[in-house]
>>> print(open('upload33.cif').read())   # mmCIF, C-alpha atoms and all ligand atoms
data_entry
loop_
_atom_site.label_atom_id
_atom_site.label_comp_id
_atom_site.auth_asym_id
_atom_site.auth_seq_id
_atom_site.Cartn_x
_atom_site.Cartn_y
_atom_site.Cartn_z
CA MET A 19 20.03 29.61 6.11
CA ARG A 20 21.14 27.23 3.37
CA ILE A 21 18.66 24.39 3.19
CA SER A 22 18.11 21.26 1.11
CA VAL A 23 14.80 19.50 0.79
CA ILE A 24 14.84 15.91 -0.45
CA GLY A 25 11.60 15.00 -2.23
CA CYS A 26 9.45 17.30 -4.38
CA GLY A 27 6.10 15.75 -3.44
CA HIS A 28 3.31 17.62 -1.72
CA VAL A 29 5.17 18.06 1.56
CA GLY A 30 8.64 18.65 0.15
CA LEU A 31 7.57 21.28 -2.36
CA VAL A 32 5.48 23.21 0.12
CA VAL A 33 8.33 23.15 2.65
CA ALA A 34 10.87 24.18 0.00
CA ALA A 35 8.68 27.00 -1.33
CA CYS A 36 7.78 28.37 2.09
CA LEU A 37 11.37 28.25 3.39
CA ALA A 38 12.54 30.03 0.23
CA LYS A 39 9.83 32.64 0.68
CA LEU A 40 11.11 33.22 4.21
CA GLY A 41 14.51 34.15 2.79
CA ASN A 42 16.41 30.87 2.97
CA LYS A 43 18.54 29.58 0.10
CA VAL A 44 16.83 26.34 -0.90
CA THR A 45 17.95 23.39 -3.01
CA ALA A 46 15.30 20.78 -3.84
CA VAL A 47 16.29 17.24 -4.80
CA ASP A 48 14.08 14.68 -6.51
CA THR A 49 14.75 11.54 -8.54
CA ASP A 50 11.98 12.48 -10.99
CA GLY A 51 13.58 14.51 -13.79
CA GLU A 52 10.22 15.82 -14.99
CA LYS A 53 9.43 17.33 -11.58
CA VAL A 54 12.90 18.85 -11.35
CA LYS A 55 12.45 20.48 -14.76
CA LEU A 56 9.07 21.93 -13.79
CA VAL A 57 10.34 23.37 -10.50
CA ASN A 58 13.31 24.96 -12.30
CA THR A 59 10.91 26.61 -14.73
CA LYS A 60 8.82 27.81 -11.74
CA VAL A 61 5.89 25.55 -12.56
CA SER A 62 4.32 23.50 -9.79
CA PRO A 63 4.16 19.76 -10.53
CA ILE A 64 1.27 19.45 -8.04
CA SER A 65 -1.96 21.38 -7.60
CA GLU A 66 -1.84 23.28 -4.32
CA PRO A 67 -3.45 26.73 -4.05
CA GLY A 68 -0.79 29.48 -3.77
CA LEU A 69 2.19 27.22 -4.42
CA GLU A 70 2.89 28.26 -8.00
CA GLU A 71 2.68 31.91 -7.05
CA ILE A 72 5.46 31.41 -4.48
CA LEU A 73 7.52 29.35 -6.92
CA SER A 74 7.29 32.18 -9.46
CA LYS A 75 8.81 34.63 -6.99
CA VAL A 76 11.59 32.62 -5.32
CA ASN A 77 14.72 30.93 -6.62
CA ILE A 78 14.78 27.28 -5.77
CA GLU A 79 17.49 25.21 -7.38
CA ALA A 80 15.97 21.83 -8.22
CA THR A 81 18.24 18.92 -9.08
CA ARG A 82 18.37 15.14 -9.37
CA ASP A 83 21.93 15.20 -8.11
CA TYR A 84 22.52 15.01 -4.36
CA SER A 85 25.93 16.69 -4.39
CA PRO A 86 24.66 20.32 -3.97
CA ILE A 87 23.30 19.37 -0.53
CA ARG A 88 26.86 19.54 0.78
CA ASP A 89 26.46 23.33 1.02
CA SER A 90 23.37 23.10 3.23
CA GLU A 91 23.27 23.63 6.97
CA ILE A 92 19.95 21.77 7.25
CA ILE A 93 18.76 18.87 5.07
CA PHE A 94 15.06 17.97 5.24
CA ILE A 95 13.96 14.48 4.19
CA CYS A 96 10.44 14.68 2.73
CA VAL A 97 10.12 11.50 0.67
CA PRO A 98 7.00 9.30 0.71
CA THR A 99 6.56 6.32 3.03
CA PRO A 100 3.79 4.41 1.23
CA SER A 101 1.64 1.60 2.68
CA THR A 102 2.60 -2.02 2.14
CA GLU A 103 0.14 -4.95 1.92
CA ASP A 104 -0.09 -5.46 5.68
CA GLY A 105 -0.63 -1.75 6.42
CA SER A 106 2.93 -1.09 7.63
CA ILE A 107 4.99 1.54 5.83
CA SER A 108 7.65 1.00 3.21
CA LEU A 109 11.01 2.55 4.08
CA GLU A 110 12.40 2.01 0.59
CA TYR A 111 12.48 5.66 -0.47
CA ILE A 112 13.63 7.05 2.85
CA THR A 113 16.49 4.58 3.19
CA GLN A 114 17.58 5.31 -0.40
CA ALA A 115 17.52 9.06 0.26
CA THR A 116 19.39 8.67 3.55
CA LYS A 117 22.12 6.58 1.88
CA GLN A 118 22.59 9.28 -0.73
CA ILE A 119 22.84 11.97 1.95
CA ALA A 120 25.37 9.86 3.89
CA ALA A 121 27.45 9.37 0.73
CA VAL A 122 27.65 13.13 0.10
CA LEU A 123 28.38 14.05 3.71
CA LYS A 124 31.06 11.37 4.07
CA GLU A 125 33.67 13.60 2.45
CA GLU A 126 32.53 16.81 4.13
CA LYS A 127 33.80 18.57 7.20
CA GLY A 128 31.52 20.69 9.32
CA TYR A 129 28.32 20.01 11.22
CA ARG A 130 25.05 19.46 9.29
CA LEU A 131 21.56 18.85 10.62
CA ILE A 132 19.45 16.13 9.00
CA VAL A 133 15.72 16.49 9.64
CA VAL A 134 13.19 13.74 8.97
CA LYS A 135 9.86 15.21 7.90
CA SER A 136 8.51 12.09 6.20
CA THR A 137 5.91 10.32 8.33
CA VAL A 138 7.71 7.40 9.93
CA ILE A 139 6.69 4.88 12.59
CA PRO A 140 8.09 5.56 16.08
CA GLY A 141 11.64 4.30 16.34
CA THR A 142 12.47 4.67 12.62
CA THR A 143 14.67 7.77 12.84
CA GLU A 144 16.74 6.33 15.70
CA GLU A 145 16.87 2.71 14.58
CA VAL A 146 17.01 3.06 10.76
CA ILE A 147 18.01 6.59 9.70
CA VAL A 148 20.76 7.30 12.25
CA PRO A 149 22.57 3.96 11.64
CA ILE A 150 22.58 4.62 7.86
CA LEU A 151 23.98 8.12 8.40
CA GLU A 152 26.62 6.75 10.77
CA GLY A 153 27.43 3.84 8.46
CA LEU A 154 30.01 5.80 6.51
CA GLY A 155 32.07 6.75 9.53
CA LYS A 156 30.40 9.91 10.90
CA ARG A 157 28.92 10.15 14.38
CA ALA A 158 25.45 11.48 15.25
CA GLY A 159 25.58 14.25 17.85
CA HIS A 160 29.18 14.93 16.91
CA ASP A 161 29.63 15.25 13.13
CA PHE A 162 25.98 15.79 12.38
CA GLY A 163 22.69 16.40 14.15
CA VAL A 164 19.34 14.67 13.69
CA CYS A 165 15.78 15.87 14.23
CA MET A 166 12.34 14.55 13.40
CA THR A 167 9.71 17.22 12.88
CA PRO A 168 6.30 15.97 11.74
CA GLU A 169 4.32 17.88 9.16
CA PHE A 170 0.72 18.93 9.76
CA LEU A 171 -0.11 20.20 6.27
CA SER A 172 -3.55 19.59 4.77
CA GLU A 173 -3.81 19.50 0.99
CA GLY A 174 -5.62 22.60 -0.23
CA SER A 175 -4.46 24.75 2.70
CA ALA A 176 -0.85 23.55 2.94
CA ILE A 177 0.81 26.95 2.44
CA ASN A 178 -1.21 28.57 5.18
CA ASP A 179 -0.72 25.51 7.43
CA TYR A 180 3.05 25.82 7.00
CA MET A 181 3.24 29.58 7.45
CA ASN A 182 0.83 29.68 10.42
CA PRO A 183 1.31 26.40 12.26
CA ALA A 184 -0.85 25.54 15.26
CA ARG A 185 2.22 23.98 16.85
CA ILE A 186 5.79 23.05 16.05
CA ILE A 187 7.03 19.67 17.23
CA ILE A 188 10.79 19.20 17.36
CA GLY A 189 12.00 15.69 18.00
CA GLU A 190 15.73 15.92 18.73
CA TYR A 191 18.62 13.48 18.89
CA ASP A 192 20.35 15.86 21.27
CA LYS A 193 20.11 19.49 22.38
CA ARG A 194 22.46 20.80 19.70
CA SER A 195 20.29 19.28 16.95
CA GLY A 196 17.11 20.76 18.44
CA ASP A 197 18.74 24.17 18.89
CA ARG A 198 19.65 24.38 15.22
CA LEU A 199 16.15 23.47 14.07
CA SER A 200 14.61 25.89 16.59
CA SER A 201 16.71 28.70 15.17
CA LEU A 202 15.12 28.08 11.75
CA TYR A 203 11.67 28.33 13.29
CA GLN A 204 12.42 31.32 15.53
CA ASN A 205 10.15 33.74 13.65
CA PHE A 206 7.12 31.46 13.72
CA ASN A 207 4.54 32.43 16.25
CA ALA A 208 3.50 28.98 17.46
CA PRO A 209 3.83 26.90 20.62
CA THR A 210 6.90 24.70 20.24
CA LEU A 211 7.36 21.35 21.92
CA ARG A 212 10.79 19.74 22.09
CA VAL A 213 10.75 15.99 22.65
CA ASN A 214 12.80 12.94 21.76
CA LEU A 215 12.75 11.47 18.24
CA LYS A 216 10.22 8.71 18.75
CA THR A 217 7.81 10.90 20.67
CA ALA A 218 7.76 13.33 17.73
CA GLU A 219 7.11 10.42 15.36
CA MET A 220 4.27 9.23 17.59
CA ILE A 221 2.71 12.70 17.85
CA LYS A 222 2.22 12.69 14.08
CA TYR A 223 0.46 9.31 14.08
CA VAL A 224 -1.67 10.11 17.07
CA SER A 225 -2.77 13.45 15.55
CA ASN A 226 -4.03 11.69 12.44
CA ALA A 227 -5.47 8.76 14.42
CA PHE A 228 -7.42 11.20 16.58
CA LEU A 229 -8.81 12.98 13.51
CA THR A 230 -9.95 9.66 12.00
CA THR A 231 -11.52 8.70 15.32
CA LYS A 232 -13.48 11.94 15.36
CA ILE A 233 -14.73 11.31 11.81
CA SER A 234 -15.73 7.67 12.39
CA PHE A 235 -17.33 8.70 15.69
CA ILE A 236 -19.53 11.36 14.08
CA ASN A 237 -20.33 8.98 11.20
CA GLU A 238 -21.52 6.37 13.68
CA ILE A 239 -23.59 8.99 15.49
CA GLY A 240 -24.89 10.05 12.06
CA ASN A 241 -25.94 6.50 11.23
CA ILE A 242 -27.91 6.40 14.49
CA CYS A 243 -29.34 9.89 13.91
CA LYS A 244 -30.62 8.84 10.49
CA GLN A 245 -32.52 5.95 12.06
CA LEU A 246 -34.05 8.39 14.54
CA GLY A 247 -34.86 11.10 11.98
CA ILE A 248 -32.43 13.60 13.55
CA ASP A 249 -30.12 15.95 11.60
CA THR A 250 -26.56 14.88 12.53
CA TYR A 251 -25.17 18.28 11.51
CA GLU A 252 -27.32 20.04 14.09
CA VAL A 253 -26.19 17.54 16.70
CA ALA A 254 -22.54 18.12 15.70
CA LYS A 255 -23.05 21.87 15.99
CA GLY A 256 -24.56 21.42 19.42
CA ILE A 257 -21.74 19.28 20.79
CA GLY A 258 -19.03 21.26 18.98
CA LEU A 259 -19.87 24.34 21.04
CA ASP A 260 -18.32 22.56 24.00
CA GLU A 261 -14.67 23.59 23.81
CA ARG A 262 -13.59 20.23 25.19
CA ILE A 263 -15.10 18.61 22.08
CA GLY A 264 -14.50 21.32 19.43
CA ALA A 265 -16.47 21.90 16.24
CA LYS A 266 -13.87 20.77 13.70
CA PHE A 267 -13.74 17.34 12.03
CA LEU A 268 -17.34 16.59 12.91
CA ASN A 269 -18.62 16.62 9.33
CA ALA A 270 -20.45 13.33 8.97
CA GLY A 271 -20.47 11.72 5.53
CA ILE A 272 -18.91 8.94 3.49
CA GLY A 273 -15.76 8.87 5.62
CA PHE A 274 -12.10 9.76 5.32
CA GLY A 275 -9.88 9.11 2.31
CA GLY A 276 -6.72 10.62 0.87
CA PRO A 277 -3.00 9.91 0.96
CA CYS A 278 -2.54 10.36 4.72
CA LEU A 279 -5.32 9.47 7.14
CA PRO A 280 -6.08 5.89 5.97
CA LYS A 281 -2.38 5.07 5.49
CA ASP A 282 -1.29 6.45 8.85
CA LEU A 283 -4.12 4.77 10.75
CA LYS A 284 -3.28 1.40 9.16
CA ALA A 285 0.41 1.85 9.95
CA LEU A 286 -0.27 2.62 13.61
CA ILE A 287 -2.56 -0.41 13.89
CA ALA A 288 0.09 -2.61 12.23
CA LYS A 289 2.82 -1.31 14.56
CA ALA A 290 0.67 -1.82 17.66
CA ARG A 291 0.00 -5.42 16.58
CA GLN A 292 3.70 -6.00 15.98
CA THR A 293 4.32 -5.07 19.60
CA GLY A 294 1.71 -7.64 20.69
CA TYR A 295 -1.00 -5.10 21.51
CA GLN A 296 -4.37 -5.43 19.75
CA PRO A 297 -5.77 -1.92 19.27
CA ARG A 298 -9.56 -2.00 19.51
CA ILE A 299 -10.69 1.59 19.06
CA LEU A 300 -8.35 2.18 16.11
CA ALA A 301 -9.38 -1.08 14.42
CA GLU A 302 -13.06 -0.12 14.71
CA VAL A 303 -12.38 3.38 13.38
CA LEU A 304 -10.96 1.75 10.26
CA ASN A 305 -13.74 -0.87 10.00
CA LEU A 306 -16.42 1.79 10.25
CA ASN A 307 -14.71 3.83 7.58
CA ASN A 308 -14.40 0.85 5.25
CA GLY A 309 -18.16 0.30 5.40
CA GLN A 310 -19.38 3.90 5.43
CA ALA A 311 -19.03 4.79 1.74
CA LEU A 312 -20.85 1.60 0.73
CA LYS A 313 -23.94 2.91 2.51
CA MET A 314 -24.35 5.17 -0.51
CA ILE A 315 -24.99 2.05 -2.61
CA ASP A 316 -27.52 0.61 -0.12
CA LEU A 317 -29.43 3.90 -0.11
CA LEU A 318 -29.34 4.11 -3.88
CA LYS A 319 -30.72 0.58 -4.23
CA LYS A 320 -33.78 1.63 -2.24
CA HIS A 321 -34.70 3.95 -5.13
CA ILE A 322 -33.41 2.41 -8.37
CA SER A 323 -32.18 -0.97 -9.52
CA LEU A 324 -28.55 -0.57 -10.44
CA LYS A 325 -28.23 -2.97 -13.38
CA ASP A 326 -28.15 -0.93 -16.61
CA SER A 327 -29.20 2.30 -14.83
CA SER A 328 -27.13 5.41 -15.35
CA VAL A 329 -25.62 6.64 -12.09
CA GLY A 330 -24.02 10.07 -11.98
CA VAL A 331 -21.19 10.82 -9.54
CA LEU A 332 -20.37 14.34 -8.40
CA GLY A 333 -16.88 14.51 -6.90
CA LEU A 334 -13.89 12.19 -7.38
CA SER A 335 -11.08 13.81 -5.38
CA TYR A 336 -10.82 12.72 -1.73
CA LYS A 337 -11.76 16.24 -0.68
CA PRO A 338 -12.31 19.65 -2.38
CA GLN A 339 -9.46 21.93 -3.54
CA THR A 340 -7.27 19.08 -4.71
CA ASP A 341 -6.96 16.82 -7.76
CA ASP A 342 -5.64 14.01 -5.55
CA VAL A 343 -7.58 10.75 -5.83
CA LYS A 344 -5.31 8.61 -3.63
CA ASP A 345 -7.56 6.39 -1.49
CA SER A 346 -10.54 8.54 -2.49
CA LEU A 347 -13.80 6.94 -1.40
CA ALA A 348 -15.07 7.53 -4.94
CA ILE A 349 -12.89 4.53 -5.86
CA THR A 350 -14.80 2.22 -3.48
CA VAL A 351 -18.19 3.54 -4.58
CA ILE A 352 -17.54 3.45 -8.34
CA ASP A 353 -15.93 0.02 -8.12
CA THR A 354 -19.11 -1.32 -6.50
CA LEU A 355 -21.39 0.44 -8.98
CA LEU A 356 -19.51 -1.18 -11.86
CA LYS A 357 -19.70 -4.62 -10.23
CA GLU A 358 -23.47 -4.11 -9.99
CA ARG A 359 -23.46 -3.30 -13.73
CA ALA A 360 -24.53 0.33 -13.44
CA ARG A 361 -23.42 2.78 -16.14
CA VAL A 362 -21.31 5.41 -14.39
CA LYS A 363 -20.91 9.02 -15.50
CA ALA A 364 -18.71 11.21 -13.35
CA TYR A 365 -17.74 14.83 -12.94
CA ASP A 366 -15.11 16.55 -10.79
CA PRO A 367 -13.78 20.09 -11.28
CA TRP A 368 -10.11 19.09 -10.91
CA ALA A 369 -9.68 15.34 -10.50
CA MET A 370 -11.01 13.81 -13.73
CA PRO A 371 -7.57 13.46 -15.40
CA ASN A 372 -6.19 11.59 -12.38
CA PHE A 373 -9.29 9.48 -11.85
CA SER A 374 -9.48 8.47 -15.51
CA LYS A 375 -6.08 6.80 -15.13
CA LEU A 376 -7.67 4.47 -12.54
CA PHE A 377 -11.08 4.12 -14.21
CA PRO A 378 -10.75 4.61 -17.98
CA GLN A 379 -13.96 2.61 -18.49
CA ILE A 380 -16.41 5.16 -17.03
CA GLU A 381 -17.71 8.25 -18.80
CA TYR A 382 -16.43 11.70 -17.78
CA VAL A 383 -19.02 14.40 -18.34
CA THR A 384 -20.05 17.88 -17.19
CA SER A 385 -22.05 18.39 -14.00
CA GLU A 386 -25.13 18.79 -16.22
CA GLY A 387 -24.32 15.42 -17.78
CA VAL A 388 -24.24 13.88 -14.30
CA LEU A 389 -27.61 15.42 -13.44
CA ARG A 390 -29.19 13.80 -16.50
CA CYS A 391 -28.54 10.31 -15.03
CA ASP A 392 -31.21 8.14 -13.39
CA ALA A 393 -29.71 8.96 -9.99
CA VAL A 394 -26.91 11.14 -8.62
CA LEU A 395 -24.40 10.47 -5.83
CA VAL A 396 -22.51 13.36 -4.22
CA LEU A 397 -19.10 12.20 -2.96
CA THR A 398 -17.04 15.42 -2.54
CA GLU A 399 -18.25 18.75 -1.16
CA TRP A 400 -17.00 21.04 -3.98
CA GLU A 401 -18.50 24.50 -3.56
CA GLU A 402 -19.87 24.54 -7.10
CA PHE A 403 -22.14 21.62 -6.24
CA GLU A 404 -24.08 24.09 -4.07
CA HIS A 405 -25.15 25.90 -7.26
CA LEU A 406 -26.52 23.05 -9.38
CA ASP A 407 -30.19 22.51 -10.18
CA TYR A 408 -31.20 19.26 -8.49
CA LYS A 409 -34.96 19.71 -8.98
CA GLY A 410 -36.70 16.55 -10.22
CA LYS A 411 -33.62 14.34 -9.56
CA VAL A 412 -32.89 11.36 -7.31
CA VAL A 413 -29.94 12.39 -5.15
CA ILE A 414 -28.04 10.43 -2.50
CA ASP A 415 -25.81 12.90 -0.71
CA GLY A 416 -22.62 11.83 1.02
CA ARG A 417 -21.40 15.34 1.88
CA LYS A 418 -24.38 17.46 3.00
CA ILE A 419 -24.91 19.76 0.02
CA ALA A 420 -27.75 22.07 1.11
CA LYS A 421 -29.01 22.75 -2.41
CA ALA A 422 -29.33 19.03 -3.16
CA LYS A 423 -32.28 18.88 -0.78
CA GLU A 424 -34.38 20.35 -3.62
CA ALA A 425 -34.19 16.99 -5.39
CA ARG A 426 -37.41 15.03 -6.02
CA ILE A 427 -35.98 12.22 -3.93
CA TYR A 428 -33.23 13.22 -1.50
CA GLU A 429 -31.39 11.08 1.03
CA GLY A 430 -28.41 12.05 3.13
CA ILE A 431 -26.00 9.23 4.02
CA CYS A 432 -26.37 9.87 7.74
CA TRP A 433 -28.85 12.68 8.15
C1 LIG B 501 -4.61 15.23 6.94
C2 LIG B 501 -4.58 16.03 8.24
O1 LIG B 501 -5.78 16.80 8.36
C3 LIG B 501 -3.34 16.94 8.28
O2 LIG B 501 -3.27 17.61 9.54
C4 LIG B 501 -2.09 16.09 8.09
O3 LIG B 501 -0.91 16.87 8.08
C5 LIG B 501 -2.19 15.35 6.76
O4 LIG B 501 -3.38 14.53 6.77
C6 LIG B 501 -0.96 14.50 6.60
O5 LIG B 501 -0.78 13.58 7.39
O6 LIG B 501 -0.14 14.81 5.76
P1 LIG B 501 -5.45 15.77 4.45
O7 LIG B 501 -5.31 14.31 4.19
O8 LIG B 501 -4.90 16.73 3.46
O9 LIG B 501 -4.80 16.16 5.86
O10 LIG B 501 -7.02 16.07 4.52
P2 LIG B 501 -8.12 16.26 5.64
O11 LIG B 501 -8.66 17.60 5.55
O12 LIG B 501 -7.66 15.78 6.95
O13 LIG B 501 -9.25 15.25 5.11
C7 LIG B 501 -9.03 13.85 5.04
C8 LIG B 501 -10.32 13.11 4.77
O14 LIG B 501 -11.22 13.21 5.87
C9 LIG B 501 -11.08 13.64 3.55
O15 LIG B 501 -11.56 12.54 2.79
C10 LIG B 501 -12.24 14.41 4.16
O16 LIG B 501 -13.39 14.45 3.34
C11 LIG B 501 -12.50 13.60 5.43
N1 LIG B 501 -13.18 14.38 6.49
C12 LIG B 501 -12.55 15.42 7.08
C13 LIG B 501 -14.47 14.04 6.88
O17 LIG B 501 -15.07 13.07 6.35
N2 LIG B 501 -15.07 14.77 7.87
C14 LIG B 501 -14.47 15.80 8.48
O18 LIG B 501 -15.08 16.41 9.39
C15 LIG B 501 -13.18 16.15 8.07
#
>>> encode(input="upload33.cif", output="C-alpha cells")
Amino acid sequence: MRISVIGCGHVGLVVAACLAKLGNKVTAVDTDGEKVKLVNTKVSPISEPGLEEILSKVNIEATRDYSPIRDSEIIFICVPTPSTEDGSISLEYITQATKQIAAVLKEEKGYRLIVVKSTVIPGTTEEVIVPILEGLGKRAGHDFGVCMTPEFLSEGSAINDYMNPARIIIGEYDKRSGDRLSSLYQNFNAPTLRVNLKTAEMIKYVSNAFLTTKISFINEIGNICKQLGIDTYEVAKGIGLDERIGAKFLNAGIGFGGPCLPKDLKALIAKARQTGYQPRILAEVLNLNNGQALKMIDLLKKHISLKDSSVGVLGLSYKPQTDDVKDSLAITVIDTLLKERARVKAYDPWAMPNFSKLFPQIEYVTSEGVLRCDAVLVLTEWEEFEHLDYKGKVVIDGRKIAKAKEARIYEGICW
C-alpha cells in the first residue's frame, strides 16, 4: 500500500520503517528539517536497536512538505501530544498536522484513510480531529475514513513490538474505515479487536495506567518487605507464577519514568477530574511514584552526610537500551543531591549527552570514576553494571543489581 506517516519521532519512525520493510511505499513527513535529512540519508535520528538497519535497506521518502501525502491510501498521524502544566495533553501538534492533511486532501478526489496513532484522550479523534478534517468541505465516512489505533511500542524493543504485536486495536469511525486498516494488518498474527474511536483511545490509557499501577503496587509491597527483612524480588517471583497476576512489570525499584507512563497517567487523572470523578487509585499510583525515587536519598543519608560528599550515579536514562532521559527518575534524584550540596559524578552508557543538556553542572565520568565516589547510587539497570567491582564501596541500589551486593555497605531501595 501507499502510506504516509506524519511525525518522525520514536513512534512515527518505527511505524514508517516497519511498514516499509513489509513492502509498503512509505512517505514520512516531519517539520524538523534535520530529521528529514537524516532519514533521507538512511541515518536514524533516534537511538532504537535495529531501526537504522531497517532504514539502510528500505526506501522511505522523508519530506517537510505535506503535498506528497496526496498519493497515499493511508495517512498515519504520529506526532507528540506532550503534557501541559495541569497534566492534560497539548493538542497543538496534532491539530497542526491535521490541518495540513485537510488542506492537501481538500483538492483531491478518492477515498483516503486517516489513522490517529498519537496517544490522545478519549473523545479527541471524534471531537477534534474529525471536525478539522471535515472543515474544508469533505465528509468523514464518505470522502475519507478515520481510525484510531493505539501504539504499544516500548523503547528499546520497539521494532519487535511492532512486528510481533500482542494485540491490534482498531478504533473505527465506520466499518469501511476499519476494513481498510484491517487489510494493512492482515499478515500480522495477533488478536485484533475492532471498537469505536474513543474505546480505542481509552484502551491505550488504561494499558499504561495498569502498568503503572503494577509498578507502584510492587514498590509499595517492596517498601513493606524491606521493613520486614524480606526480599521483594522473591515475593514477586512467587506471586508472578500465578497466571492471573503474571510475572511481568513486578520489578520493584525507584519507580517509573520515561516519555509515556508518567504523562499518560497524569492525562487520565486530569481527564477523570474534568468529568467530575476523583480517581483515587490512579492518584495514589502517581503519589507513590513521586516519592519512591527520593527514598534513595533517605537511605544514602543513613550512611554519609551529603554536604560536600562525592556521590556517584550509575544510570541516567529512564530505562536501559535507550538514551532517552525524558522524565527519568535520575532527574529527581540528582536535583535533590545538588540541593543538599553533594558533588555529583554520573555515568550512563548512552544517555550522558542528553542528560548533560539538562544538568551541565555535574561531572560526567566513567563507571570507574563513579565507583571512586564516597557513595554510589544505581538508578538504571544497564547490563554492564552487573560486571563492575563494587567491593569496598557504599552502594544504594534502586534497580536490584546482583553484583552490587558485594559492596562494603549495600542497601536495596525496597529489598
Ligand atoms: C511504555 C509501555 O510499556 C509500552 O507498552 C507503551 O507503548 C509505551 O509506554 C508508550 O505509551 O508509548 P516505555 O515507556 O518505553 O513503554 O517503557 P517501559 O518498559 O514501560 O518502562 C517505563 C518505566 O517503568 C521505566 O522507568 C522502567 O524502569 C519502569 N519499570 C518498568 C519499573 O520500574 N518496573 C517494572 O517492572 C517495569
>>> residues_around(input="upload33.cif", residues="A:Val413", least_positions_apart="4", cutoff="9 Å", atoms="all atoms listed in the file", output="PDB file with C-alpha atoms, keeping the file's coordinate frame")
ATOM      1  CA  LEU A 318     -29.340   4.110  -3.880  1.00  0.00           C
ATOM      2  CA  ALA A 393     -29.710   8.960  -9.990  1.00  0.00           C
ATOM      3  CA  VAL A 394     -26.910  11.140  -8.620  1.00  0.00           C
ATOM      4  CA  LEU A 395     -24.400  10.470  -5.830  1.00  0.00           C
ATOM      5  CA  VAL A 396     -22.510  13.360  -4.220  1.00  0.00           C
ATOM      6  CA  TYR A 408     -31.200  19.260  -8.490  1.00  0.00           C
ATOM      7  CA  ALA A 422     -29.330  19.030  -3.160  1.00  0.00           C
ATOM      8  CA  LYS A 423     -32.280  18.880  -0.780  1.00  0.00           C
ATOM      9  CA  ALA A 425     -34.190  16.990  -5.390  1.00  0.00           C
ATOM     10  CA  ARG A 426     -37.410  15.030  -6.020  1.00  0.00           C
ATOM     11  CA  ILE A 427     -35.980  12.220  -3.930  1.00  0.00           C
ATOM     12  CA  TYR A 428     -33.230  13.220  -1.500  1.00  0.00           C
ATOM     13  CA  GLU A 429     -31.390  11.080   1.030  1.00  0.00           C
ATOM     14  CA  GLY A 430     -28.410  12.050   3.130  1.00  0.00           C
TER      15      GLY A 430
END
>>> closest_atom_pairs(input="upload33.cif", of="chain A", to="ligand LIG 501 (chain B)", cutoff="6 Å", atoms="all atoms listed in the file", output="tab-separated table")
residue	atom	partner	partner_atom	distance
A:Glu169	CA	B:LIG501	O3	5.4
A:Phe170	CA	B:LIG501	O3	3.1
A:Leu171	CA	B:LIG501	O3	3.9
A:Ser172	CA	B:LIG501	O8	3.4
A:Glu173	CA	B:LIG501	O8	3.9
A:Ile233	CA	B:LIG501	N2	5.3
A:Phe267	CA	B:LIG501	O18	3.1
A:Leu268	CA	B:LIG501	O18	4.2
A:Asn269	CA	B:LIG501	O18	3.5
A:Ala270	CA	B:LIG501	N2	5.7
A:Gly271	CA	B:LIG501	O17	5.6
A:Gly273	CA	B:LIG501	O17	4.3
A:Phe274	CA	B:LIG501	O14	3.6
A:Gly275	CA	B:LIG501	O15	3.8
A:Gly276	CA	B:LIG501	O7	5.2
A:Pro277	CA	B:LIG501	O7	5.9
A:Cys278	CA	B:LIG501	O5	4.5
A:Leu279	CA	B:LIG501	O4	5.4
A:Tyr336	CA	B:LIG501	O15	4.6
A:Lys337	CA	B:LIG501	O16	4.7
>>> write_last_selection(input="upload33.cif", atoms="C-alpha atoms", output="PDB file, in the frame of the given file")
ATOM      1  CA  GLU A 169       4.320  17.880   9.160  1.00  0.00           C
ATOM      2  CA  PHE A 170       0.720  18.930   9.760  1.00  0.00           C
ATOM      3  CA  LEU A 171      -0.110  20.200   6.270  1.00  0.00           C
ATOM      4  CA  SER A 172      -3.550  19.590   4.770  1.00  0.00           C
ATOM      5  CA  GLU A 173      -3.810  19.500   0.990  1.00  0.00           C
ATOM      6  CA  ILE A 233     -14.730  11.310  11.810  1.00  0.00           C
ATOM      7  CA  PHE A 267     -13.740  17.340  12.030  1.00  0.00           C
ATOM      8  CA  LEU A 268     -17.340  16.590  12.910  1.00  0.00           C
ATOM      9  CA  ASN A 269     -18.620  16.620   9.330  1.00  0.00           C
ATOM     10  CA  ALA A 270     -20.450  13.330   8.970  1.00  0.00           C
ATOM     11  CA  GLY A 271     -20.470  11.720   5.530  1.00  0.00           C
ATOM     12  CA  GLY A 273     -15.760   8.870   5.620  1.00  0.00           C
ATOM     13  CA  PHE A 274     -12.100   9.760   5.320  1.00  0.00           C
ATOM     14  CA  GLY A 275      -9.880   9.110   2.310  1.00  0.00           C
ATOM     15  CA  GLY A 276      -6.720  10.620   0.870  1.00  0.00           C
ATOM     16  CA  PRO A 277      -3.000   9.910   0.960  1.00  0.00           C
ATOM     17  CA  CYS A 278      -2.540  10.360   4.720  1.00  0.00           C
ATOM     18  CA  LEU A 279      -5.320   9.470   7.140  1.00  0.00           C
ATOM     19  CA  TYR A 336     -10.820  12.720  -1.730  1.00  0.00           C
ATOM     20  CA  LYS A 337     -11.760  16.240  -0.680  1.00  0.00           C
TER      21      LYS A 337
END
>>> closest_atom_pairs(input="upload33.cif", of="stretch 295-382 of chain A", to="stretch 238-244 of chain A", cutoff="10 Å", atoms="all atoms listed in the file", output="tab-separated table")
residue	atom	partner	partner_atom	distance
A:Val303	CA	A:Glu238	CA	9.6
A:Leu306	CA	A:Glu238	CA	7.7
A:Asn307	CA	A:Glu238	CA	9.5
A:Gln310	CA	A:Glu238	CA	8.9
A:Lys313	CA	A:Asn241	CA	9.6
>>> residues_around(input="upload33.cif", residues="stretch 286-291 of chain A", least_positions_apart="6", cutoff="9 Å", atoms="only C-alpha atoms", output="list in words")
Asp104, Gly105, Ser106, Ile139, Pro140, Met220, Tyr223, Val224, Ala227, Pro297, Leu300 and Ala301 of chain A
>>> write_last_selection(input="upload33.cif", atoms="C-alpha atoms", output="tab-separated table (two decimals), in the frame of the given file")
chain	number	residue	atom	x	y	z
A	104	ASP	CA	-0.09	-5.46	5.68
A	105	GLY	CA	-0.63	-1.75	6.42
A	106	SER	CA	2.93	-1.09	7.63
A	139	ILE	CA	6.69	4.88	12.59
A	140	PRO	CA	8.09	5.56	16.08
A	220	MET	CA	4.27	9.23	17.59
A	223	TYR	CA	0.46	9.31	14.08
A	224	VAL	CA	-1.67	10.11	17.07
A	227	ALA	CA	-5.47	8.76	14.42
A	297	PRO	CA	-5.77	-1.92	19.27
A	300	LEU	CA	-8.35	2.18	16.11
A	301	ALA	CA	-9.38	-1.08	14.42
